[in-house]
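Student: File my_file10.txt follows (compact mmCIF, C-alpha atoms):
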# COMPACT_ATOMS: atom_id res chain seq x y z
CA MET A 29 -71.71 51.08 83.67
CA TYR A 30 -74.68 49.05 82.47
CA LEU A 31 -75.55 51.71 79.96
CA LEU A 32 -72.18 51.84 78.23
CA ASN A 33 -73.11 48.78 76.19
CA THR A 34 -76.24 50.51 74.93
CA ARG A 35 -74.19 53.59 74.17
CA GLU A 36 -71.96 51.51 71.89
CA THR A 37 -75.00 50.52 69.84
CA VAL A 38 -75.99 54.14 69.47
CA LEU A 39 -72.46 55.15 68.49
CA ASP A 40 -72.28 52.33 65.94
CA ASN A 41 -75.38 53.77 64.31
CA LEU A 42 -73.83 57.23 64.23
CA GLU A 43 -70.76 55.70 62.63
CA ARG A 44 -72.83 53.94 59.99
CA LEU A 45 -74.45 57.19 58.96
CA THR A 46 -71.59 59.66 59.25
CA GLY A 47 -68.39 57.62 59.39
CA SER A 48 -67.25 58.67 62.84
CA ARG A 49 -68.52 58.17 66.35
CA ILE A 50 -68.30 61.40 68.28
CA ASN A 51 -67.04 64.24 66.11
CA THR A 52 -69.32 63.45 63.21
CA ALA A 53 -68.74 66.61 61.09
CA TYR A 54 -72.08 65.89 59.45
CA MET A 55 -73.88 69.20 59.12
CA ILE A 56 -72.83 71.97 56.78
CA PRO A 57 -74.58 75.26 56.00
CA GLY A 58 -77.64 74.40 53.93
CA GLY A 59 -77.77 70.69 54.55
CA VAL A 60 -75.88 67.57 55.52
CA ARG A 61 -72.96 65.72 54.01
CA PHE A 62 -74.27 62.21 53.40
CA ASP A 63 -77.66 60.81 52.49
CA LEU A 64 -79.43 58.21 54.62
CA LEU A 65 -79.86 55.06 52.55
CA PRO A 66 -82.99 52.89 52.96
CA GLU A 67 -80.92 49.88 54.10
CA ASP A 68 -79.09 52.01 56.66
CA ALA A 69 -82.42 53.35 57.88
CA ALA A 70 -83.71 49.79 58.25
CA ALA A 71 -80.61 48.77 60.22
CA MET A 72 -81.06 51.83 62.40
CA LEU A 73 -84.68 50.95 63.12
CA ALA A 74 -83.64 47.41 64.03
CA ASP A 75 -81.01 48.73 66.43
CA LEU A 76 -83.55 51.11 67.94
CA VAL A 77 -85.68 48.12 68.96
CA LYS A 78 -82.64 46.64 70.69
CA VAL A 79 -81.80 49.92 72.42
CA GLU A 80 -85.39 50.36 73.53
CA GLY A 81 -85.54 46.88 75.04
CA GLU A 82 -82.30 47.37 76.96
CA MET A 83 -83.38 50.80 78.16
CA ARG A 84 -86.70 49.39 79.40
CA ARG A 85 -84.80 46.87 81.49
CA HIS A 86 -82.46 49.50 82.93
CA THR A 87 -85.33 51.87 83.61
CA GLY A 88 -87.07 49.08 85.52
CA MET A 89 -83.90 48.51 87.53
CA PHE A 90 -83.67 52.19 88.43
CA GLU A 91 -87.38 52.43 89.25
CA THR A 92 -87.51 49.41 91.51
CA GLY A 93 -83.97 49.21 92.87
CA PRO A 94 -84.06 49.85 96.64
CA LEU A 95 -80.41 50.92 96.88
CA ILE A 96 -80.82 53.47 94.12
CA ALA A 97 -83.98 54.77 95.79
CA LEU A 98 -82.05 55.19 99.05
CA ARG A 99 -79.63 57.58 97.38
CA SER A 100 -82.11 59.35 95.16
CA LYS A 101 -85.69 59.56 96.41
CA GLY A 102 -86.28 62.71 98.45
CA ILE A 103 -82.62 63.73 98.30
CA GLY A 104 -81.34 66.93 96.74
CA VAL A 105 -84.80 68.40 96.41
CA MET A 106 -85.09 71.61 94.43
CA ASP A 107 -88.58 73.03 94.13
CA ARG A 108 -90.01 74.95 91.19
CA GLU A 109 -89.38 78.48 92.55
CA GLU A 110 -85.78 77.66 93.34
CA ALA A 111 -85.23 76.14 89.91
CA ILE A 112 -86.57 79.26 88.23
CA ARG A 113 -84.53 81.56 90.46
CA ALA A 114 -81.32 79.60 89.74
CA HIS A 115 -82.02 79.71 85.95
CA THR A 116 -81.69 75.95 85.62
CA VAL A 117 -82.28 74.48 82.17
CA GLY A 118 -82.78 71.12 80.59
CA PRO A 119 -83.72 67.93 82.43
CA THR A 120 -82.64 69.47 85.73
CA ALA A 121 -85.33 72.14 85.39
CA ARG A 122 -87.91 69.79 83.90
CA ALA A 123 -87.55 67.46 86.90
CA SER A 124 -88.67 70.37 89.09
CA GLY A 125 -91.75 71.02 86.98
CA VAL A 126 -90.50 74.03 85.01
CA VAL A 127 -91.79 74.39 81.46
CA CYS A 128 -88.42 74.84 79.81
CA ASP A 129 -87.74 73.16 76.51
CA LEU A 130 -86.73 75.06 73.40
CA ARG A 131 -87.91 72.18 71.26
CA LEU A 132 -91.47 73.22 72.05
CA ARG A 133 -90.88 76.32 69.93
CA HIS A 134 -88.92 74.61 67.15
CA PRO A 135 -91.03 74.17 63.97
CA THR A 136 -89.64 70.71 63.15
CA TYR A 137 -90.30 69.35 66.62
CA ARG A 138 -93.75 70.93 66.61
CA GLU A 139 -94.58 69.07 63.44
CA LEU A 140 -93.42 65.83 65.04
CA GLY A 141 -95.85 66.41 67.91
CA PHE A 142 -93.25 66.98 70.58
CA THR A 143 -94.42 67.27 74.17
CA GLN A 144 -92.26 68.02 77.14
CA VAL A 145 -91.39 65.42 79.77
CA THR A 146 -92.04 66.93 83.17
CA ARG A 147 -91.84 65.61 86.70
CA THR A 148 -92.67 67.57 89.80
CA GLU A 149 -90.68 65.88 92.59
CA GLY A 150 -87.45 67.78 91.95
CA ASP A 151 -85.23 65.21 93.67
CA ASN A 152 -82.38 63.07 92.32
CA PHE A 153 -84.78 60.32 91.31
CA ALA A 154 -86.89 62.70 89.22
CA ARG A 155 -83.82 63.99 87.42
CA ILE A 156 -82.72 60.46 86.54
CA MET A 157 -86.18 59.44 85.41
CA VAL A 158 -86.68 62.52 83.24
CA ARG A 159 -83.55 61.55 81.33
CA PHE A 160 -84.72 57.96 80.96
CA GLN A 161 -88.12 59.07 79.69
CA GLU A 162 -86.46 61.42 77.23
CA VAL A 163 -84.50 58.52 75.76
CA PHE A 164 -87.78 56.78 74.91
CA GLN A 165 -89.20 60.02 73.60
CA SER A 166 -86.15 60.49 71.38
CA ILE A 167 -86.47 56.94 70.06
CA ASP A 168 -90.05 57.72 69.06
CA LEU A 169 -88.95 60.96 67.43
CA ILE A 170 -86.25 59.18 65.41
CA ARG A 171 -88.84 56.64 64.20
CA LYS A 172 -91.22 59.39 63.17
CA CYS A 173 -88.40 61.21 61.39
CA ILE A 174 -87.31 58.14 59.42
CA ASP A 175 -90.94 57.46 58.46
CA SER A 176 -91.53 60.97 57.21
CA LEU A 177 -88.12 61.58 55.64
CA PRO A 178 -88.76 63.47 52.40
CA ASP A 179 -86.85 62.86 49.18
CA GLY A 180 -84.90 65.61 47.53
CA PRO A 181 -81.51 67.24 47.61
CA ILE A 182 -79.51 66.94 50.79
CA ARG A 183 -77.59 70.13 50.15
CA GLY A 184 -79.26 73.40 49.39
CA GLY A 185 -76.16 75.54 49.33
CA GLY A 186 -75.96 78.68 51.37
CA LEU A 187 -73.23 80.98 52.52
CA CYS A 188 -72.38 82.72 55.76
CA LYS A 189 -72.32 86.47 55.36
CA ALA A 190 -71.79 89.36 57.72
CA GLY A 191 -74.05 89.50 60.71
CA GLU A 192 -74.58 88.94 64.35
CA VAL A 193 -76.81 86.21 65.70
CA SER A 194 -77.65 84.62 68.99
CA TYR A 195 -79.36 81.27 68.79
CA GLY A 196 -80.36 78.92 71.55
CA GLY A 197 -81.11 75.27 70.95
CA GLU A 198 -81.95 72.35 73.17
CA ALA A 199 -78.84 70.27 73.79
CA PRO A 200 -78.96 67.04 75.84
CA ARG A 201 -78.08 68.97 79.00
CA GLY A 202 -80.38 71.91 78.31
CA GLU A 203 -80.43 75.22 76.57
CA LEU A 204 -77.21 75.95 74.68
CA THR A 205 -76.76 79.43 73.26
CA TYR A 206 -74.23 80.59 70.71
CA SER A 207 -73.69 84.26 69.96
CA ILE A 208 -71.62 84.70 66.84
CA LYS A 209 -70.49 87.75 64.96
CA THR A 210 -69.07 87.30 61.47
CA ASP A 211 -67.49 89.55 58.89
CA GLU A 212 -68.62 89.86 55.28
CA TYR A 213 -66.95 86.61 54.21
CA GLY A 214 -68.33 84.52 57.05
CA ARG A 215 -65.22 84.52 59.20
CA VAL A 216 -65.96 84.50 62.91
CA VAL A 217 -65.01 87.77 64.55
CA ASP A 218 -66.51 87.23 67.96
CA ILE A 219 -68.09 84.22 69.61
CA ALA A 220 -69.68 83.58 72.98
CA ILE A 221 -71.05 80.23 74.11
CA ARG A 222 -73.37 79.74 77.07
CA THR A 223 -73.45 76.10 78.07
CA PRO A 224 -76.24 74.64 80.21
CA SER A 225 -73.88 73.33 82.87
CA ILE A 226 -72.99 76.87 83.95
CA MET A 227 -76.48 77.33 85.43
CA ASN A 228 -76.99 73.75 86.49
CA ILE A 229 -73.80 73.45 88.53
CA GLU A 230 -74.61 76.75 90.26
CA ALA A 231 -78.10 75.49 91.04
CA CYS A 232 -76.60 72.30 92.40
CA ALA A 233 -74.19 74.18 94.63
CA HIS A 234 -76.77 76.62 96.02
CA SER A 235 -80.08 74.74 96.04
CA MET A 236 -79.75 71.01 95.64
CA ILE A 237 -77.02 70.05 98.09
CA ARG A 238 -78.22 72.45 100.80
CA ASP A 239 -80.24 69.83 102.67
CA VAL A 240 -78.03 66.85 101.89
CA THR A 241 -76.65 65.17 105.00
CA SER A 242 -74.00 62.70 103.87
CA ILE A 243 -70.99 62.81 101.58
CA ALA A 244 -72.26 59.93 99.45
CA ASP A 245 -75.45 61.86 98.82
CA VAL A 246 -73.44 64.91 97.79
CA THR A 247 -71.81 62.86 95.04
CA SER A 248 -75.07 61.45 93.74
CA THR A 249 -76.75 64.85 93.88
CA PHE A 250 -73.92 66.51 92.00
CA ILE A 251 -73.96 63.85 89.31
CA SER A 252 -77.74 64.06 89.01
CA SER A 253 -77.44 67.66 87.79
CA ASP A 254 -75.37 66.18 84.89
CA PRO A 255 -72.40 68.54 85.20
CA CYS A 256 -70.09 68.93 82.23
CA ILE A 257 -66.85 70.25 83.66
CA ALA A 258 -65.30 70.82 80.25
CA CYS A 259 -68.21 73.14 79.40
CA ASN A 260 -67.37 75.37 82.34
CA GLU A 261 -63.59 75.32 82.38
CA ARG A 262 -63.19 77.45 79.32
CA MET B 26 -83.18 41.20 93.18
CA ARG B 27 -84.61 40.89 89.73
CA SER B 28 -81.34 41.92 88.14
CA ILE B 29 -79.41 39.34 90.20
CA VAL B 30 -81.79 36.66 88.97
CA TYR B 31 -81.38 37.97 85.45
CA TYR B 32 -77.61 37.69 85.58
CA LEU B 33 -77.59 34.30 87.33
CA ARG B 34 -79.88 32.96 84.63
CA GLU B 35 -77.64 34.59 82.01
CA PHE B 36 -74.48 33.00 83.46
CA PHE B 37 -75.94 29.49 83.60
CA ARG B 38 -76.94 29.48 79.97
CA PRO B 39 -74.81 26.80 78.28
CA GLU B 40 -74.12 29.15 75.44
CA TRP B 41 -72.68 31.75 77.80
CA VAL B 42 -70.53 29.18 79.65
CA ARG B 43 -69.19 27.84 76.38
CA LYS B 44 -68.40 31.35 75.24
CA PHE B 45 -66.71 32.19 78.54
CA PHE B 46 -64.28 29.32 78.39
CA PHE B 47 -63.69 28.77 74.71
CA ALA B 48 -64.65 31.75 72.64
CA LYS B 49 -61.95 34.16 71.65
CA THR B 50 -62.93 37.74 71.19
CA ALA B 51 -62.95 38.62 67.55
CA PRO B 52 -60.21 41.08 66.69
CA LEU B 53 -61.47 44.64 66.64
CA VAL B 54 -61.84 45.65 63.04
CA ALA B 55 -62.84 49.12 62.00
CA PRO B 56 -65.82 48.90 59.63
CA SER B 57 -65.27 49.83 56.01
CA TYR B 58 -67.22 53.05 56.40
CA PHE B 59 -65.04 54.32 59.26
CA LYS B 60 -63.59 57.73 58.41
CA ASP B 61 -59.93 57.23 59.21
CA TYR B 62 -57.13 59.69 58.57
CA PRO B 63 -57.14 60.39 54.84
CA SER B 64 -54.82 58.18 52.86
CA LEU B 65 -53.34 58.76 49.43
CA THR B 66 -54.79 57.18 46.34
CA GLU B 67 -52.89 56.65 43.12
CA LYS B 68 -54.21 59.85 41.57
CA GLU B 69 -51.86 62.71 40.88
CA CYS B 70 -52.03 65.85 42.99
CA THR B 71 -52.07 69.10 41.05
CA GLY B 72 -51.20 71.30 44.02
CA CYS B 73 -54.43 73.31 43.90
CA LEU B 74 -54.46 73.50 47.73
CA THR B 75 -58.25 73.07 47.99
CA CYS B 76 -57.73 70.54 50.78
CA MET B 77 -55.67 72.99 52.81
CA MET B 78 -58.25 75.72 52.33
CA ILE B 79 -61.25 73.68 53.48
CA CYS B 80 -59.51 72.06 56.47
CA PRO B 81 -61.10 73.30 59.71
CA ALA B 82 -58.26 72.10 61.95
CA PRO B 83 -55.16 74.30 62.09
CA GLY B 84 -52.03 72.60 60.82
CA ALA B 85 -53.64 69.28 59.94
CA ILE B 86 -52.78 69.09 56.26
CA ALA B 87 -50.04 70.51 54.07
CA VAL B 88 -49.40 70.06 50.37
CA LEU B 89 -45.68 69.54 49.97
CA HIS B 90 -43.50 69.60 46.91
CA LYS B 91 -41.88 66.17 46.74
CA LYS B 92 -39.41 64.87 44.21
CA ASP B 93 -42.07 63.79 41.70
CA GLY B 94 -44.68 66.50 42.10
CA TRP B 95 -47.05 67.66 44.79
CA GLU B 96 -48.27 65.45 47.60
CA PRO B 97 -50.60 66.22 50.51
CA GLU B 98 -49.44 65.17 53.92
CA ILE B 99 -51.72 64.64 56.94
CA TYR B 100 -50.49 65.36 60.45
CA PRO B 101 -52.48 62.92 62.60
CA GLY B 102 -52.06 64.85 65.84
CA HIS B 103 -53.91 67.80 64.36
CA CYS B 104 -56.39 66.06 62.06
CA ILE B 105 -59.92 65.74 63.40
CA ARG B 106 -60.93 63.23 60.71
CA CYS B 107 -63.84 65.25 59.38
CA GLY B 108 -63.03 64.13 55.83
CA LEU B 109 -63.71 67.52 54.27
CA CYS B 110 -60.40 67.47 52.37
CA VAL B 111 -61.36 64.15 50.81
CA GLU B 112 -64.67 65.57 49.67
CA ALA B 113 -63.29 68.87 48.44
CA CYS B 114 -60.39 67.51 46.37
CA PRO B 115 -61.31 67.80 42.67
CA GLU B 116 -58.84 65.09 41.66
CA GLY B 117 -59.73 62.46 44.27
CA VAL B 118 -56.17 62.30 45.58
CA LEU B 119 -57.23 61.51 49.14
CA SER B 120 -59.54 58.80 50.34
CA SER B 121 -61.10 58.00 53.69
CA GLY B 122 -63.87 55.57 54.54
CA ARG B 123 -66.58 55.60 51.92
CA ILE B 124 -66.68 59.34 51.41
CA LEU B 125 -65.63 59.18 47.75
CA ASP B 126 -68.28 56.55 46.93
CA VAL B 127 -71.00 58.37 48.83
CA THR B 128 -70.33 61.75 47.26
CA ARG B 129 -70.39 60.15 43.83
CA ARG B 130 -73.67 58.43 44.66
CA ASP B 131 -75.33 61.46 46.22
CA LYS B 132 -73.90 63.83 43.57
CA THR B 133 -72.80 66.29 46.21
CA ALA B 134 -69.84 68.61 46.03
CA PHE B 135 -68.32 71.73 47.47
CA SER B 136 -67.91 74.73 45.25
CA SER B 137 -65.31 77.11 46.54
CA TRP B 138 -63.86 80.39 45.44
CA TYR B 139 -61.70 83.08 46.96
CA ARG B 140 -62.22 86.69 47.83
CA LEU B 141 -59.49 89.25 48.35
CA GLN B 142 -59.83 92.02 50.82
CA VAL B 143 -57.38 94.89 51.32
CA ASP B 144 -57.62 97.00 54.43
CA ASP B 145 -56.75 100.50 53.18
CA THR B 146 -55.86 101.78 56.63
CA LEU B 147 -53.21 99.06 57.08
CA CYS B 148 -51.93 98.92 53.51
CA MET B 149 -48.73 100.90 52.95
CA ARG B 150 -48.73 100.43 49.15
CA CYS B 151 -45.47 98.50 49.01
CA GLY B 152 -46.79 96.23 46.26
CA ASN B 153 -45.37 93.07 47.80
CA CYS B 154 -48.66 91.24 47.30
CA CYS B 155 -48.80 91.98 43.57
CA VAL B 156 -45.15 90.99 43.07
CA SER B 157 -45.25 87.80 45.11
CA CYS B 158 -48.49 86.45 43.64
CA PRO B 159 -47.57 83.40 41.52
CA VAL B 160 -50.59 83.84 39.25
CA ASN B 161 -49.63 87.44 38.58
CA ARG B 162 -46.11 86.41 37.77
CA GLU B 163 -47.31 83.90 35.22
CA ILE B 164 -49.63 86.37 33.51
CA ASP B 165 -47.20 89.27 33.50
CA PRO B 166 -43.57 88.19 33.95
CA GLN B 167 -42.55 91.81 33.79
CA LEU B 168 -44.36 92.66 37.00
CA ALA B 169 -41.77 93.59 39.58
CA GLY B 170 -40.58 96.29 41.89
CA THR B 171 -43.50 98.50 42.80
CA GLY B 172 -46.21 96.15 41.57
CA THR B 173 -47.44 98.21 38.66
CA SER B 174 -48.37 96.32 35.55
CA ALA B 175 -49.43 97.16 32.02
CA SER B 176 -51.55 94.02 31.77
CA ASP B 177 -55.27 94.12 32.56
CA GLU B 178 -55.36 90.37 33.14
CA VAL B 179 -53.50 90.27 36.46
CA ILE B 180 -55.33 89.60 39.71
CA MET B 181 -54.22 92.84 41.31
CA ARG B 182 -51.86 95.68 40.63
CA ILE B 183 -50.91 99.02 42.06
CA GLU B 184 -52.88 101.78 40.36
CA GLY B 185 -52.30 105.33 41.43
CA GLY B 186 -50.57 104.21 44.60
CA ARG B 187 -53.35 101.83 45.63
CA VAL B 188 -53.83 98.11 45.37
CA THR B 189 -56.61 97.54 42.87
CA ILE B 190 -58.12 94.08 42.57
CA LEU B 191 -59.03 93.33 38.97
CA HIS B 192 -59.67 89.60 38.64
CA GLU B 193 -60.61 88.04 41.95
CA GLU B 194 -61.84 84.86 40.26
CA LYS B 195 -58.29 83.95 39.17
CA CYS B 196 -57.07 83.62 42.77
CA THR B 197 -56.02 80.06 43.67
CA GLY B 198 -55.97 80.69 47.40
CA CYS B 199 -52.27 80.04 47.97
CA LYS B 200 -52.11 82.96 50.44
CA THR B 201 -48.60 83.93 49.29
CA CYS B 202 -49.72 87.58 49.27
CA GLU B 203 -50.98 87.27 52.83
CA ASN B 204 -47.65 85.82 53.97
CA ASN B 205 -45.64 88.50 52.17
CA CYS B 206 -47.66 91.44 53.40
CA PRO B 207 -45.73 93.25 56.13
CA ASN B 208 -48.87 94.69 57.74
CA ARG B 209 -51.41 91.86 57.26
CA ALA B 210 -53.42 94.31 55.20
CA ILE B 211 -54.45 91.85 52.49
CA ARG B 212 -56.58 88.90 53.52
CA VAL B 213 -57.70 85.97 51.42
CA ALA B 214 -61.16 84.72 52.32
CA ARG B 215 -62.33 81.26 51.36
CA MET B 216 -65.95 80.89 50.37
CA VAL B 217 -67.36 77.38 50.36
CA GLU B 218 -70.83 76.29 49.46
CA GLY B 219 -72.15 72.75 49.65
CA VAL B 220 -74.04 72.06 46.44
CA HIS B 221 -75.96 69.33 44.71
CA LEU B 222 -74.53 68.73 41.27
CA GLU B 223 -77.88 68.04 39.57
CA GLU B 224 -79.20 71.36 40.77
CA ALA B 225 -76.11 73.20 39.63
CA GLU B 226 -76.49 71.83 36.12
CA ALA B 227 -80.21 72.56 35.89
Could you render the structure from this file as structure tokens?
Tutor:
Amino acid sequence: MYLLNTRETVLDNLERLTGSRINTAYMIPGGVRFDLLPEDAAAMLADLVKVEGEMRRHTGMFETGPLIALRSKGIGVMDREEAIRAHTVGPTARASGVVCDLRLRHPTYRELGFTQVTRTEGDNFARIMVRFQEVFQSIDLIRKCIDSLPDGPIRGGGLCKAGEVSYGGEAPRGELTYSIKTDEYGRVVDIAIRTPSIMNIEACAHSMIRDVTSIADVTSTFISSDPCIACNER
Amino acid sequence: MRSIVYYLREFFRPEWVRKFFFAKTAPLVAPSYFKDYPSLTEKECTGCLTCMMICPAPGAIAVLHKKDGWEPEIYPGHCIRCGLCVEACPEGVLSSGRILDVTRRDKTAFSSWYRLQVDDTLCMRCGNCCVSCPVNREIDPQLAGTGTSASDEVIMRIEGGRVTILHEEKCTGCKTCENNCPNRAIRVARMVEGVHLEEAEA
């Protein structure tokens, strides 16, 4: 609940750039729809300072809070072998010490000097803290991006033609893969989406909550795998 | 403990107390750049249907023939507020947020054209598509019945028992042929490319 206020700030920035909060409809083949103005970039940087300060406070609360530690430290442990066997992805896997981040292979992120956040405990606390650390990492990445934003056209054109492609990218919850088949005019003939929650919820059901002893811990363990029910109920 | 202290200190700040008792929450106002459902401007719609063609949400926009000309209508339950219709409209009939200003500033646009595709295994050579096409009818008013035409300027005509597409670039994307085809053999494909106007001129 504390974090919803910070989320509003982030969504306001999205709205300033794209005009809407969630469904931004910002990217098109070959570019983006609107340019980032210098004054908008400055406002965004100012808001990032605010977000960073608030996140530091909340991270401190989570790190030092005894009640949170009671429900998270040493609970729902999933070790590295189990995480690999269950095909977990994203922060859930990184909290168990698995090297699993598609951004490491992405040329843009490589240029920005991206390094993976990893923790080795594999319990609920590690999964929360990996996500907190990634927020700070993302703030740094946004700053680097705004600093090194090149001038030039924002739309290069480009058309979708016939073909079949399968591309995986790193979404907030982990690896998200789209397999799309199109006909000669770019109309989608066949599409398959693999969302990260499919693997993570399975891993939670089979590995994480195996040693959990109370119902309250089951809830916190389930939530710590960051399940997206809408991603699975398709 | 630290957070309790933080909040107690926060609540005893005179500014906070004053706000709690006296301040009224400012009414929620959507900022000027918020992309709302597209609204009509004063400009006149020519009925080119570009907005309908670019719309990614099924059934969100329709261009209707009103008493004094064409007029696009948005169905809010279907619209996802992406604003693509606003950007694609060549006349600037629709407006939403600051899309019109930003596209003018950035000199961005969508160029779109249409491709026709006839599936020969489904086509039964009835010629309905050639007869129903409004562009065809304007070019060759004599075109009727089986869809044969003496004019070389029509979009498509029946030649030797087959639909032959002559001038794809004249298609306006109304999809009348698609709706009149009994077998869904003819398909109209929309091609859209996001372009930078300066580059296109150079």
Student: Around all of range 35-52 of chain B's listed atoms, make the axis-aligned box with 3 Å on each side and tell me centre and edge lengths in Å to one decimal, as lines of an AutoDock Vina configuration file.
Tutor:
center_x = -68.9
center_y = 33.9
center_z = 75.1
size_x = 23.4
size_y = 20.3
size_z = 22.9
Student: Using all atoms listed in the file, list the residues that have an atom at most 12 Å from (-53.5, 101.6, 49.6), coordinates as in the file, as a VMD selection string.
Tutor: chain B and resid 142 to 154 182 to 190 208 210 to 211
Student: Up to 12 Å from chain B, what residues of chain A turn up? Count only C-alpha atoms and give them as a compact mmCIF listing (two decimals) with C-alpha atoms, keeping the file's coordinate frame.
Tutor:
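Wrote selection-v8.txt, looks like this:
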# COMPACT_ATOMS: atom_id res chain seq x y z
CA TYR A 30 -74.68 49.05 82.47
CA LEU A 39 -72.46 55.15 68.49
CA ASP A 40 -72.28 52.33 65.94
CA ASN A 41 -75.38 53.77 64.31
CA LEU A 42 -73.83 57.23 64.23
CA GLU A 43 -70.76 55.70 62.63
CA ARG A 44 -72.83 53.94 59.99
CA LEU A 45 -74.45 57.19 58.96
CA THR A 46 -71.59 59.66 59.25
CA GLY A 47 -68.39 57.62 59.39
CA SER A 48 -67.25 58.67 62.84
CA ARG A 49 -68.52 58.17 66.35
CA ILE A 50 -68.30 61.40 68.28
CA ASN A 51 -67.04 64.24 66.11
CA THR A 52 -69.32 63.45 63.21
CA ALA A 53 -68.74 66.61 61.09
CA TYR A 54 -72.08 65.89 59.45
CA MET A 55 -73.88 69.20 59.12
CA ILE A 56 -72.83 71.97 56.78
CA PRO A 57 -74.58 75.26 56.00
CA GLY A 58 -77.64 74.40 53.93
CA GLY A 59 -77.77 70.69 54.55
CA VAL A 60 -75.88 67.57 55.52
CA ARG A 61 -72.96 65.72 54.01
CA PHE A 62 -74.27 62.21 53.40
CA ASP A 63 -77.66 60.81 52.49
CA LEU A 64 -79.43 58.21 54.62
CA LEU A 65 -79.86 55.06 52.55
CA ASP A 68 -79.09 52.01 56.66
CA ARG A 85 -84.80 46.87 81.49
CA HIS A 86 -82.46 49.50 82.93
CA THR A 87 -85.33 51.87 83.61
CA GLY A 88 -87.07 49.08 85.52
CA MET A 89 -83.90 48.51 87.53
CA PHE A 90 -83.67 52.19 88.43
CA GLU A 91 -87.38 52.43 89.25
CA THR A 92 -87.51 49.41 91.51
CA GLY A 93 -83.97 49.21 92.87
CA PRO A 94 -84.06 49.85 96.64
CA LEU A 95 -80.41 50.92 96.88
CA ASP A 179 -86.85 62.86 49.18
CA GLY A 180 -84.90 65.61 47.53
CA PRO A 181 -81.51 67.24 47.61
CA ILE A 182 -79.51 66.94 50.79
CA ARG A 183 -77.59 70.13 50.15
CA GLY A 184 -79.26 73.40 49.39
CA GLY A 185 -76.16 75.54 49.33
CA GLY A 186 -75.96 78.68 51.37
CA LEU A 187 -73.23 80.98 52.52
CA CYS A 188 -72.38 82.72 55.76
CA LYS A 189 -72.32 86.47 55.36
CA ASP A 211 -67.49 89.55 58.89
CA GLU A 212 -68.62 89.86 55.28
CA TYR A 213 -66.95 86.61 54.21
CA GLY A 214 -68.33 84.52 57.05
CA ARG A 215 -65.22 84.52 59.20
CA VAL A 216 -65.96 84.50 62.91
Student: Just give me the gap between CA of Thr241 in chain A and CA of His115 in chain A in Å, one decimal is fine.
Tutor: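 If I compute the distance from CA of Thr241 in chain A to CA of His115 in chain A, I get 24.6 Å.
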Student: Please report the interatomic distance between CA of Arg238 in chain A and CA of Ile251 in chain A in Å with one decimal.
Tutor: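 One can read the CA of Arg238 in chain A to CA of Ile251 in chain A distance as 15.0 Å.
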Student: Enter the distance from CA of Thr71 in chain B to CA of Ala85 in chain B, in Å, rounded to one decimal.
Tutor: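 Distance reported for this atom pair: 19.0 Å.
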Student: Find the residues around range 143-145 of chain A up to 10 Å (all atoms listed in the file counted), leave out those fewer than 5 positions away in its own chain, and share them as a list in words.
Tutor: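 In the requested form, the answer reads Pro119, Arg122, Ala123, Gly125, Val127, Cys128, Asp129, Leu130, Arg131, Leu132, Tyr137, Arg138, Met157, Val158, Arg159, Gln161, Glu162 and Gln165 of chain A.
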Student: Go through A:Ile174, A:Asp218, A:Ala121, A:Pro255 one by one, measure the shortest atom-to-atom distance of each to Glu67 in chain A using all atoms listed in the file, and give the residue with the smallest value.
Tutor: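 Checking each candidate against Glu67 in chain A, we get A:Ile174 as the closest.
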Student: Pick the closest to Cys259 in chain A from A:Ile226, A:Lys209, A:Asp168, A:Phe153: which is it, counting only C-alpha atoms?
Tutor: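 Closest to Cys259 in chain A of all the choices is A:Ile226.
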Student: Could you tell me which of B:Lys195, B:Ala169, B:Arg34, B:Cys70 comes closest to Pro115 in chain B if we count only C-alpha atoms?
Tutor: B:Cys70
Student: May I ask which of the residues B:Ile180, B:Ile99, B:Ile29, B:Cys199 is the closest one to Leu74 in chain B, counting all atoms listed in the file?
Tutor: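 For Leu74 in chain B, the nearest of the given residues is B:Cys199.
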Student: (-73.5, 74.9, 74.8) in this file's frame - what residues fall within 7 Å of it? Use all atoms listed in the file and give the answer as a short mmCIF file (atom, residue, chain, number, x, y, z; two decimals) with C-alpha atoms, in the frame of the given file.
Tutor:
data_model
loop_
_atom_site.label_atom_id
_atom_site.label_comp_id
_atom_site.auth_asym_id
_atom_site.auth_seq_id
_atom_site.Cartn_x
_atom_site.Cartn_y
_atom_site.Cartn_z
CA LEU A 204 -77.21 75.95 74.68
CA THR A 205 -76.76 79.43 73.26
CA ILE A 221 -71.05 80.23 74.11
CA ARG A 222 -73.37 79.74 77.07
CA THR A 223 -73.45 76.10 78.07
CA PRO A 224 -76.24 74.64 80.21
#
Student: At a cut-off of 12 Å, using only C-alpha atoms, what residues contact His103 in chain B? Leave out same-chain residues fewer than 6 positions from it and give the result as a list in words.
Tutor: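 So, after excluding close chain neighbours, the residues are Tyr62, Cys80, Pro81, Ala82, Pro83, Gly84, Ala85, Ile86 and Ala87 of chain B.
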